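Below is run_8.tsv, holding TSV, C-alpha atoms.
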```tsv
chain	number	residue	atom	x	y	z
A	297	MET	CA	111.08	81.63	133.18
A	298	ASP	CA	112.51	82.80	129.90
A	299	GLN	CA	115.69	84.42	128.71
A	300	ALA	CA	116.28	87.37	126.37
A	301	PRO	CA	118.81	86.69	123.59
A	302	ALA	CA	121.02	89.36	122.03
A	303	GLN	CA	119.72	90.82	118.78
A	304	GLU	CA	121.73	91.14	115.54
A	305	ILE	CA	121.84	94.50	113.72
A	306	ALA	CA	124.06	96.06	111.08
A	307	VAL	CA	127.17	97.96	112.21
A	308	ASP	CA	129.43	100.26	110.20
A	309	LYS	CA	132.60	100.29	112.30
A	310	LYS	CA	134.51	98.19	114.80
A	311	ARG	CA	133.52	98.47	118.42
A	312	GLU	CA	134.91	96.94	121.59
A	313	CYS	CA	132.90	94.04	123.01
A	314	SER	CA	130.90	95.04	126.09
A	315	GLY	CA	131.69	91.77	127.87
A	316	ASP	CA	133.59	92.47	131.09
A	317	ASP	CA	135.87	89.48	130.52
A	318	CYS	CA	136.34	90.01	126.77
A	319	THR	CA	138.93	91.94	124.74
A	320	ASN	CA	137.57	91.07	121.29
A	321	ASP	CA	136.08	93.49	118.79
A	322	ALA	CA	132.28	93.55	118.95
A	323	GLY	CA	130.26	91.94	116.20
A	324	SER	CA	126.75	92.88	115.13
A	325	LEU	CA	124.99	91.66	118.29
A	326	GLN	CA	123.45	94.29	120.54
A	327	CYS	CA	121.78	93.84	123.91
A	328	PRO	CA	118.04	94.21	123.18
A	329	THR	CA	117.32	96.02	126.45
A	330	CYS	CA	120.06	98.60	125.85
A	331	GLN	CA	118.91	99.00	122.28
A	332	LYS	CA	115.41	99.96	123.39
A	333	VAL	CA	116.72	102.84	125.53
A	334	GLY	CA	119.16	104.07	122.88
A	335	LYS	CA	122.36	102.89	124.56
A	336	GLU	CA	125.03	101.19	122.45
A	337	SER	CA	126.06	97.86	123.94
A	338	TYR	CA	127.60	95.41	121.46
A	339	PHE	CA	129.00	91.91	121.99
A	340	CYS	CA	131.31	89.70	119.95
A	341	SER	CA	129.02	86.63	120.14
A	342	GLN	CA	125.88	85.17	121.71
A	343	GLU	CA	128.04	83.10	124.04
A	344	CYS	CA	129.87	86.19	125.27
A	345	PHE	CA	126.56	87.99	125.80
A	346	LYS	CA	125.11	85.08	127.78
A	347	ARG	CA	128.32	84.62	129.79
A	348	ASN	CA	128.27	88.27	130.87
A	349	TRP	CA	124.47	88.56	131.22
A	350	ALA	CA	124.30	88.55	135.01
A	351	GLU	CA	126.75	91.45	135.36
A	352	HIS	CA	125.57	93.34	132.29
A	353	LYS	CA	121.96	93.21	133.48
A	354	LYS	CA	122.89	95.38	136.48
A	355	LEU	CA	123.30	98.30	134.08
A	356	HIS	CA	119.71	98.06	132.91
A	357	LYS	CA	118.11	99.47	136.02
A	358	ALA	CA	119.72	102.83	135.40
A	359	GLN	CA	119.17	102.59	131.66
A	360	ASN	CA	115.51	101.61	131.90
A	361	SER	CA	114.48	103.75	134.83
A	362	MET	CA	112.05	106.55	134.19
A	363	LEU	CA	114.77	109.06	135.12
A	364	SER	CA	117.08	107.75	132.38
A	365	ASN	CA	114.38	107.37	129.74
A	366	PHE	CA	112.36	110.49	130.33
A	367	ASN	CA	114.76	112.89	132.11
A	368	LEU	CA	112.36	113.31	135.01
A	369	ARG	CA	113.38	114.73	138.34
A	370	THR	CA	113.22	112.46	141.33
A	371	PRO	CA	109.77	113.00	142.89
A	372	LYS	CA	109.58	114.01	146.54
A	373	VAL	CA	106.70	111.59	147.02
A	374	ILE	CA	106.37	108.32	145.13
A	375	SER	CA	102.57	108.47	145.24
A	376	GLU	CA	99.86	109.04	147.79
A	377	PRO	CA	99.11	105.77	149.61
A	378	ASP	CA	95.48	104.72	149.70
A	379	ALA	CA	93.56	103.86	152.87
A	380	ASP	CA	95.27	100.47	152.99
A	381	GLY	CA	98.74	101.95	152.59
A	382	HIS	CA	99.09	100.80	148.96
A	383	PHE	CA	100.72	102.99	146.34
A	384	ASN	CA	102.05	103.09	142.78
A	385	PRO	CA	105.86	103.35	142.98
A	386	PHE	CA	106.18	104.73	139.43
A	387	PRO	CA	103.42	107.36	139.06
A	388	ALA	CA	105.24	109.28	136.30
A	389	PHE	CA	105.95	106.23	134.15
A	390	PRO	CA	103.92	106.10	130.91
A	391	PHE	CA	102.27	102.71	131.36
A	392	THR	CA	101.14	101.09	128.13
A	393	GLY	CA	97.93	99.54	129.51
A	394	SER	CA	95.57	99.82	132.46
A	395	LEU	CA	97.58	97.63	134.85
A	396	ARG	CA	99.52	99.34	137.65
A	397	PRO	CA	101.90	97.97	140.28
A	398	VAL	CA	100.48	98.01	143.80
A	399	TYR	CA	103.17	98.34	146.46
A	400	PRO	CA	104.58	97.86	149.05
A	401	LEU	CA	105.93	94.45	148.19
A	402	SER	CA	105.84	91.95	151.01
A	403	PRO	CA	109.20	91.08	152.62
A	404	ARG	CA	111.33	88.45	150.95
A	405	ARG	CA	110.20	85.00	152.02
A	406	ALA	CA	112.75	82.82	153.79
A	407	VAL	CA	113.95	79.38	152.75
A	408	PRO	CA	115.24	77.08	155.52
A	409	GLU	CA	118.94	76.22	155.34
A	410	LYS	CA	118.12	72.50	155.32
A	411	ILE	CA	116.72	72.89	151.80
A	412	ARG	CA	119.36	72.78	149.07
A	413	HIS	CA	119.93	76.26	147.61
A	414	PRO	CA	121.16	77.14	144.10
A	415	ASP	CA	124.40	79.11	143.89
A	416	TYR	CA	122.63	82.45	143.30
A	417	ALA	CA	120.37	82.22	146.37
A	418	LEU	CA	122.59	84.42	148.53
A	419	LYS	CA	124.06	87.03	146.19
A	420	GLY	CA	121.75	86.80	143.20
A	421	ILE	CA	124.43	85.88	140.65
A	422	PRO	CA	124.14	82.47	138.88
A	423	ILE	CA	127.87	81.79	138.81
A	424	SER	CA	127.53	78.23	137.54
A	425	GLU	CA	125.58	79.44	134.49
A	426	GLN	CA	128.33	81.89	133.62
A	427	ALA	CA	130.99	79.19	133.85
A	428	PHE	CA	128.98	76.71	131.77
A	429	ARG	CA	128.18	79.13	128.99
A	430	GLY	CA	131.84	79.63	128.32
A	431	ARG	CA	132.06	75.95	127.29
A	432	ASN	CA	129.51	76.39	124.46
A	433	LYS	CA	128.04	72.94	125.06
A	434	ILE	CA	124.54	71.50	125.42
A	435	THR	CA	124.15	69.04	128.28
A	436	ILE	CA	123.12	65.46	127.51
A	437	LEU	CA	121.54	64.01	130.65
A	438	THR	CA	122.34	60.52	131.88
A	439	LYS	CA	119.52	58.11	132.75
A	440	GLN	CA	119.94	58.99	136.42
A	441	GLU	CA	119.86	62.71	135.65
A	442	GLN	CA	116.77	62.24	133.50
A	443	ASP	CA	115.03	60.60	136.45
A	444	ALA	CA	116.00	63.56	138.61
A	445	MET	CA	114.44	65.89	136.03
A	446	ARG	CA	111.27	63.80	135.98
A	447	LYS	CA	111.00	64.13	139.75
A	448	VAL	CA	111.53	67.88	139.97
A	449	CYS	CA	109.15	68.48	137.06
A	450	ARG	CA	106.48	66.38	138.75
A	451	LEU	CA	106.91	68.54	141.84
A	452	GLY	CA	106.70	71.67	139.69
A	453	ARG	CA	103.41	70.48	138.20
A	454	GLU	CA	102.03	69.86	141.69
A	455	VAL	CA	102.93	73.39	142.80
A	456	LEU	CA	101.50	75.03	139.67
A	457	ASP	CA	98.22	73.16	140.11
A	458	ILE	CA	98.03	74.26	143.75
A	459	ALA	CA	98.63	77.88	142.75
A	460	ALA	CA	96.09	77.68	139.92
A	461	ARG	CA	93.35	76.52	142.30
A	462	ALA	CA	93.77	79.79	144.20
A	463	VAL	CA	93.11	81.95	141.13
A	464	GLN	CA	89.88	83.88	141.60
A	465	PRO	CA	88.74	87.50	141.79
A	466	GLY	CA	89.95	89.23	144.96
A	467	VAL	CA	93.10	87.14	145.44
A	468	THR	CA	96.32	89.15	145.20
A	469	THR	CA	99.30	87.95	143.24
A	470	ASP	CA	101.28	88.30	146.48
A	471	GLU	CA	98.97	85.69	148.00
A	472	ILE	CA	99.71	83.41	145.04
A	473	ASP	CA	103.40	83.97	145.72
A	474	ARG	CA	102.90	82.90	149.35
A	475	ILE	CA	101.04	79.77	148.26
A	476	VAL	CA	103.75	78.87	145.75
A	477	HIS	CA	106.54	79.52	148.24
A	478	GLU	CA	105.01	77.37	150.96
A	479	ALA	CA	104.07	74.55	148.57
A	480	THR	CA	107.62	74.55	147.24
A	481	LEU	CA	109.15	74.33	150.70
A	482	GLU	CA	106.77	71.50	151.60
A	483	ARG	CA	108.37	69.55	148.75
A	484	ASP	CA	111.89	70.12	150.10
A	485	SER	CA	112.55	72.43	147.15
A	486	TYR	CA	113.82	75.96	146.54
A	487	PRO	CA	111.72	78.38	144.41
A	488	SER	CA	114.11	78.98	141.51
A	489	PRO	CA	113.07	82.60	140.72
A	490	LEU	CA	113.83	83.79	144.26
A	491	ASN	CA	116.89	86.09	144.03
A	492	TYR	CA	117.77	84.83	140.56
A	493	CYS	CA	119.53	87.93	139.18
A	494	HIS	CA	117.89	89.62	142.22
A	495	PHE	CA	114.28	88.79	141.32
A	496	PRO	CA	112.42	89.50	144.60
A	497	LYS	CA	109.74	86.79	144.63
A	498	SER	CA	109.23	83.03	144.38
A	499	VAL	CA	107.03	83.03	141.27
A	500	CYS	CA	106.30	85.25	138.26
A	501	THR	CA	102.67	86.36	137.95
A	502	SER	CA	101.90	88.15	134.68
A	503	VAL	CA	98.47	89.76	134.38
A	504	ASN	CA	96.73	90.97	131.20
A	505	GLU	CA	99.29	93.03	129.21
A	506	VAL	CA	102.29	91.64	131.12
A	507	ILE	CA	104.27	89.37	128.80
A	508	CYS	CA	106.46	87.82	131.49
A	509	HIS	CA	108.40	88.39	134.74
A	510	GLY	CA	105.53	90.08	136.56
A	511	ILE	CA	106.38	90.68	140.23
A	512	PRO	CA	103.67	89.54	142.66
A	513	ASP	CA	102.24	92.51	144.55
A	514	GLN	CA	99.14	93.74	146.40
A	515	ARG	CA	96.80	94.09	143.40
A	516	PRO	CA	93.75	91.79	143.69
A	517	LEU	CA	92.89	89.81	140.59
A	518	GLN	CA	89.70	91.04	138.93
A	519	ASP	CA	86.88	89.20	137.19
A	520	GLY	CA	87.84	89.30	133.50
A	521	ASP	CA	91.62	89.23	134.00
A	522	ILE	CA	93.94	86.61	132.60
A	523	VAL	CA	97.02	85.67	134.63
A	524	ASN	CA	100.09	83.63	133.81
A	525	ILE	CA	101.72	81.73	136.66
A	526	ASP	CA	105.35	80.78	135.94
A	527	ILE	CA	106.63	78.10	138.32
A	528	SER	CA	110.25	77.02	138.71
A	529	LEU	CA	111.58	74.63	141.36
A	530	TYR	CA	115.05	73.52	142.38
A	531	HIS	CA	115.17	70.04	143.89
A	532	GLY	CA	117.95	67.49	144.10
A	533	GLY	CA	120.26	69.73	142.11
A	534	PHE	CA	117.88	70.16	139.14
A	535	HIS	CA	115.41	72.83	138.02
A	536	ALA	CA	111.87	72.47	136.64
A	537	ASP	CA	110.24	75.24	134.61
A	538	LEU	CA	106.60	75.48	133.51
A	539	ASN	CA	103.78	77.98	133.23
A	540	GLU	CA	100.17	78.35	132.17
A	541	THR	CA	97.76	81.24	131.64
A	542	TYR	CA	94.45	81.09	133.50
A	543	TYR	CA	91.09	82.84	133.19
A	544	VAL	CA	90.07	84.83	136.28
A	545	GLY	CA	86.40	84.67	137.20
A	546	PRO	CA	83.36	83.91	135.02
A	547	ALA	CA	83.78	87.00	132.83
A	548	ALA	CA	87.25	86.10	131.54
A	549	PRO	CA	86.33	83.10	129.33
A	550	GLN	CA	83.35	85.03	127.97
A	551	ASN	CA	85.70	87.67	126.54
A	552	ALA	CA	86.51	86.66	122.96
A	553	ASP	CA	89.85	88.48	122.94
A	554	ASN	CA	90.93	86.72	126.13
A	555	VAL	CA	90.05	83.34	124.64
A	556	ARG	CA	91.68	84.11	121.31
A	557	VAL	CA	95.08	85.01	122.77
A	558	VAL	CA	95.10	82.36	125.52
A	559	GLU	CA	94.06	79.51	123.26
A	560	ALA	CA	96.42	80.71	120.52
A	561	ALA	CA	99.32	80.51	123.00
A	562	ARG	CA	98.20	77.07	124.13
A	563	ALA	CA	97.94	75.83	120.52
A	564	CYS	CA	101.34	77.30	119.62
A	565	LEU	CA	103.02	75.27	122.35
A	566	ASP	CA	101.04	72.13	121.52
A	567	GLU	CA	102.01	72.24	117.86
A	568	ALA	CA	105.66	73.02	118.57
A	569	ILE	CA	105.94	70.06	120.95
A	570	LYS	CA	104.78	67.75	118.16
A	571	LEU	CA	107.98	68.62	116.27
A	572	VAL	CA	110.41	67.70	119.04
A	573	LYS	CA	112.44	64.58	118.29
A	574	PRO	CA	116.07	63.68	117.61
A	575	GLY	CA	117.35	65.68	114.66
A	576	ALA	CA	114.70	68.40	114.86
A	577	LEU	CA	116.30	71.81	114.28
A	578	PHE	CA	115.98	74.36	117.07
A	579	ARG	CA	115.15	77.07	114.55
A	580	ASP	CA	112.14	75.21	113.15
A	581	TYR	CA	109.87	75.43	116.20
A	582	GLY	CA	109.46	79.15	115.62
A	583	ASN	CA	108.15	78.62	112.10
A	584	THR	CA	105.27	76.51	113.41
A	585	ILE	CA	104.59	78.78	116.37
A	586	GLU	CA	104.34	81.90	114.24
A	587	LYS	CA	102.15	80.12	111.68
A	588	VAL	CA	99.66	79.07	114.37
A	589	ALA	CA	99.68	82.53	115.94
A	590	LYS	CA	99.05	84.32	112.66
A	591	GLU	CA	96.18	81.97	111.82
A	592	ARG	CA	94.48	83.41	114.91
A	593	ASN	CA	95.46	86.99	114.12
A	594	CYS	CA	98.04	87.11	116.89
A	595	GLN	CA	101.76	87.92	117.02
A	596	VAL	CA	104.79	86.26	118.63
A	597	VAL	CA	107.04	88.06	121.12
A	598	ARG	CA	110.65	87.97	119.91
A	599	ALA	CA	112.49	89.40	122.91
A	600	TYR	CA	112.37	86.19	124.98
A	601	CYS	CA	113.07	82.56	124.18
A	602	GLY	CA	112.93	79.04	125.53
A	603	HIS	CA	116.10	77.59	127.00
A	604	GLY	CA	117.92	74.56	128.23
A	605	VAL	CA	117.09	73.55	131.79
A	606	ASN	CA	118.80	70.95	133.96
A	607	GLN	CA	121.30	71.53	136.77
A	608	LEU	CA	121.21	75.13	135.54
A	609	PHE	CA	118.07	77.29	135.57
A	610	HIS	CA	118.92	78.72	132.14
A	611	ALA	CA	121.32	76.86	129.88
A	612	PRO	CA	121.93	76.25	126.18
A	613	PRO	CA	120.21	75.91	123.80
A	614	ASN	CA	118.15	79.01	123.15
A	615	ILE	CA	114.78	78.20	121.55
A	616	PRO	CA	113.42	81.21	119.59
A	617	HIS	CA	109.66	81.25	119.08
A	618	TYR	CA	109.45	83.32	115.90
A	619	ALA	CA	109.78	82.30	112.26
A	620	LYS	CA	112.96	82.52	110.15
A	621	ASN	CA	115.25	82.76	113.16
A	622	LYS	CA	118.89	81.72	112.77
A	623	GLN	CA	119.34	79.54	115.84
A	624	VAL	CA	121.80	76.71	115.19
A	625	GLY	CA	121.71	73.15	116.48
A	626	GLU	CA	119.38	70.20	116.67
A	627	ALA	CA	117.69	68.10	119.34
A	628	LYS	CA	119.45	64.99	120.59
A	629	PRO	CA	118.33	62.28	123.03
A	630	GLY	CA	118.98	63.34	126.61
A	631	MET	CA	118.64	67.07	125.98
A	632	CYS	CA	116.19	68.95	128.18
A	633	PHE	CA	114.80	72.36	127.27
A	634	THR	CA	111.70	74.53	127.43
A	635	ILE	CA	109.43	75.86	124.72
A	636	GLU	CA	107.40	78.81	126.05
A	637	PRO	CA	105.83	81.01	123.36
A	638	MET	CA	104.50	84.42	124.36
A	639	ILE	CA	101.61	85.47	122.11
A	640	THR	CA	100.00	88.90	121.79
A	641	LEU	CA	96.74	90.30	120.44
A	642	GLY	CA	98.53	93.38	119.10
A	643	SER	CA	102.17	94.35	118.69
A	644	HIS	CA	104.84	91.79	119.57
A	645	ARG	CA	107.11	94.57	120.83
A	646	ASP	CA	107.73	94.88	124.55
A	647	ARG	CA	108.57	97.48	127.14
A	648	THR	CA	109.97	97.04	130.65
A	649	TRP	CA	108.63	98.75	133.75
A	650	PRO	CA	111.08	100.66	135.98
A	651	ASP	CA	111.21	97.66	138.34
A	652	ASP	CA	113.60	96.24	135.69
A	653	TRP	CA	111.60	93.02	135.44
A	654	THR	CA	107.98	93.44	134.36
A	655	SER	CA	107.81	93.14	130.56
A	656	VAL	CA	104.61	94.46	128.96
A	657	THR	CA	103.23	94.84	125.46
A	658	VAL	CA	104.11	98.19	123.97
A	659	ASP	CA	100.49	98.84	122.97
A	660	GLY	CA	98.90	97.56	126.19
A	661	GLY	CA	97.27	94.63	124.37
A	662	ARG	CA	96.71	91.37	126.20
A	663	THR	CA	99.20	88.54	126.01
A	664	ALA	CA	99.37	84.90	127.07
A	665	GLN	CA	102.04	82.23	127.49
A	666	PHE	CA	102.37	78.50	128.09
A	667	GLU	CA	105.53	76.55	128.90
A	668	HIS	CA	106.62	72.95	129.30
A	669	THR	CA	109.95	71.36	130.17
A	670	LEU	CA	110.71	68.75	127.49
A	671	LEU	CA	113.05	65.76	127.46
A	672	VAL	CA	114.21	64.54	124.06
A	673	THR	CA	113.98	60.74	123.89
A	674	GLU	CA	115.31	58.21	121.37
A	675	THR	CA	111.98	58.25	119.53
A	676	GLY	CA	110.48	61.66	120.24
A	677	VAL	CA	109.77	63.76	123.31
A	678	GLU	CA	108.57	63.37	126.89
A	679	VAL	CA	106.62	66.30	128.34
A	680	LEU	CA	108.03	66.29	131.87
A	681	THR	CA	105.64	68.98	133.13
A	682	ALA	CA	102.51	67.60	131.45
A	683	ARG	CA	99.10	68.29	132.95
A	684	VAL	CA	97.60	65.46	134.99
A	685	GLU	CA	94.06	64.41	135.72
A	686	GLY	CA	92.51	67.12	137.85
A	687	SER	CA	94.90	69.91	136.78
A	688	PRO	CA	93.03	73.25	136.90
A	689	GLY	CA	92.51	75.23	133.73
A	690	GLY	CA	92.59	73.65	130.31
A	691	ALA	CA	91.36	74.66	126.88
A	692	VAL	CA	88.29	76.88	126.54
A	693	ALA	CA	86.22	77.25	123.38
A	694	MET	CA	85.50	80.64	121.86
A	695	PRO	CA	82.20	81.97	123.19
A	696	GLY	CA	79.47	80.24	121.21
A	697	VAL	CA	81.78	77.53	119.82
A	698	GLU	CA	81.98	73.92	121.02
A	699	ALA	CA	85.12	72.80	122.86
A	700	GLU	CA	87.98	71.16	120.96
A	701	ALA	CA	89.87	67.92	121.71
A	702	PRO	CA	92.36	67.81	124.64
A	703	ALA	CA	95.63	69.66	124.13
A	704	ASN	CA	99.07	68.07	123.87
A	705	GLY	CA	100.37	67.20	127.34
A	706	ASP	CA	96.86	67.07	128.84
A	707	ALA	CA	95.62	63.99	130.65
A	708	LYS	CA	93.17	62.11	128.44
```

Please express what this file holds, its structure, as structure tokens.
Amino acid sequence: MDQAPAQEIAVDKKRECSGDDCTNDAGSLQCPTCQKVGKESYFCSQECFKRNWAEHKKLHKAQNSMLSNFNLRTPKVISEPDADGHFNPFPAFPFTGSLRPVYPLSPRRAVPEKIRHPDYALKGIPISEQAFRGRNKITILTKQEQDAMRKVCRLGREVLDIAARAVQPGVTTDEIDRIVHEATLERDSYPSPLNYCHFPKSVCTSVNEVICHGIPDQRPLQDGDIVNIDISLYHGGFHADLNETYYVGPAAPQNADNVRVVEAARACLDEAIKLVKPGALFRDYGNTIEKVAKERNCQVVRAYCGHGVNQLFHAPPNIPHYAKNKQVGEAKPGMCFTIEPMITLGSHRDRTWPDDWTSVTVDGGRTAQFEHTLLVTETGVEVLTARVEGSPGGAVAMPGVEAEAPANGDAK
């Protein structure tokens, strides 16, 4: 599960920082979500923005809602339910593609008290992340902590593979959420997305034009869809984070556009992982990712980035996926972070649905993503969430073209 960094723009006058705990003058960094809806929201630094993210994000629901963006009156009826009681909760919203939310959402799934919960499980606010970000420090894991990360990432891979085996036409994303939730509990783990900044489900399921943060609902998957399943687990005090995009039904891998964007995203991650080693600059991964994407006539989403992951779900460093970014810092042994490029067939620009989570391509074009949790070693990198023998999915050749060699992180 990715994080949106603040964006830098030119400013002509001094402004007060929008951080609740900050009295500094604002710099040139503006919240990207506020920027899209025309609201000025400037911060003095990336660290201030990240420290105040959980509270600041609460403002977005009003800013991004269809009432704020389009000055619409509140409808008396959300939409007419169908024979099964399903409805579109945002009928007046100008969706960019053909996908629509299918409500009602199922009730929030419970997690037994005996399972260790992260600090945001009850109230939705990741307090520990806010405190850590103020220290402006990247965690170096001890040997014991690295072993804990290996364990939780192995569990995350197991859960993703279980969820992937359920992907077929007719299965709802809510059913995938149930499968993920139960498989996570069976491993004495907490599903990290659940109530993180008030996210309502245990997994993100992003279909077709959804870039990320899709909320599982009652829509059945259709033959020809592509779906990203983003798994995060909390076990033993540590988080795992990984995702893959899968083809739904026999028609999906026969669609050249599906294959182009999915395999471009897979290749972007594979090539970026090859660069990870001590001394590798965080800003350089984006150069390779964008080069690979452009070679396949695709674009790279800029609004979301990879991130540190350890005892915190989202921690420093940020890992931008686009070229010529200005991220500072370099990889050191013991660091653990994700790389998770989001690749599009058309525009890289995004738009958020009124649920305040679902991010879609602005032109409705299809998009794909892959993610691994990576541990920097003394000599290179260990892919903690690597595919294993029997993992569902895997690379698919363009229709009419022979398959390529196994991807990085795949079992040989």

### Query
Which residues come within 10 Å of Ala563 of chain A, counting only C-alpha atoms, excluding same-chain residues fewer than 3 positions away, as a list in words?
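Once the nearby chain positions are removed, what remains is Val557, Val558, Glu559, Ala560, Asp566, Glu567, Ala568, Ile569, Ile585, Val588, Ala589, Pro637, Phe666, Ala691, Ala703 and Asn704 of chain A.
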
Take the residues from that selection and write them out as a PDB file, in the coordinates of the input, keeping C-alpha atoms.
```
ATOM      1  CA  VAL A 557      95.080  85.010 122.770  1.00  0.00           C
ATOM      2  CA  VAL A 558      95.100  82.360 125.520  1.00  0.00           C
ATOM      3  CA  GLU A 559      94.060  79.510 123.260  1.00  0.00           C
ATOM      4  CA  ALA A 560      96.420  80.710 120.520  1.00  0.00           C
ATOM      5  CA  ASP A 566     101.040  72.130 121.520  1.00  0.00           C
ATOM      6  CA  GLU A 567     102.010  72.240 117.860  1.00  0.00           C
ATOM      7  CA  ALA A 568     105.660  73.020 118.570  1.00  0.00           C
ATOM      8  CA  ILE A 569     105.940  70.060 120.950  1.00  0.00           C
ATOM      9  CA  ILE A 585     104.590  78.780 116.370  1.00  0.00           C
ATOM     10  CA  VAL A 588      99.660  79.070 114.370  1.00  0.00           C
ATOM     11  CA  ALA A 589      99.680  82.530 115.940  1.00  0.00           C
ATOM     12  CA  PRO A 637     105.830  81.010 123.360  1.00  0.00           C
ATOM     13  CA  PHE A 666     102.370  78.500 128.090  1.00  0.00           C
ATOM     14  CA  ALA A 691      91.360  74.660 126.880  1.00  0.00           C
ATOM     15  CA  ALA A 703      95.630  69.660 124.130  1.00  0.00           C
ATOM     16  CA  ASN A 704      99.070  68.070 123.870  1.00  0.00           C
TER      17      ASN A 704
END
```

Quick one: which segment 435-480 of chain A residues come within 10 Å of segment 684-687 of chain A, and what is the nearest atom pair for each with the distance in Å to one decimal, counting only C-alpha atoms, rows ordered by chain and ascending number, as a tab-separated table?
```
residue	atom	partner	partner_atom	distance
A:Arg450	CA	A:Val684	CA	9.7
A:Arg453	CA	A:Val684	CA	8.3
A:Glu454	CA	A:Ser687	CA	8.7
A:Leu456	CA	A:Ser687	CA	8.8
A:Asp457	CA	A:Ser687	CA	5.7
A:Ile458	CA	A:Ser687	CA	8.8
A:Ala460	CA	A:Ser687	CA	8.5
A:Arg461	CA	A:Ser687	CA	8.8
```

A straight line from atom CA of Asn606 of chain A to atom CA of Ser528 of chain A spans 11.5 Å

query = So how far away is atom CA of Val499 of chain A from atom CA of Tyr600 of chain A, in Å?
reply =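 One can read the atom CA of Tyr600 of chain A to atom CA of Val499 of chain A distance as 17.4 Å.
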
**Asked** Closest to Thr329 of chain A among A:His352, A:His477, A:Ser341, A:Asp513, using all atoms listed in the file?
**Response**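 Between A:His352, A:His477, A:Ser341, A:Asp513, the residue approaching Thr329 of chain A most closely is A:His352.
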
- To one decimal in Å, tell me the separation between atom CA of Arg662 of chain A and atom CA of Gln595 of chain A.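 Spanning atom CA of Arg662 of chain A to atom CA of Gln595 of chain A is a straight-line distance of 11.0 Å.
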
For Thr657 of chain A, the closest of A:Leu395, A:Leu401, A:Cys632, A:Ile423 counting only C-alpha atoms is A:Leu395

Counting all atoms listed in the file, the residue among A:Asp521, A:Glu336, A:Glu343, A:Asp652 that lies closest to Pro549 of chain A is A:Asp521
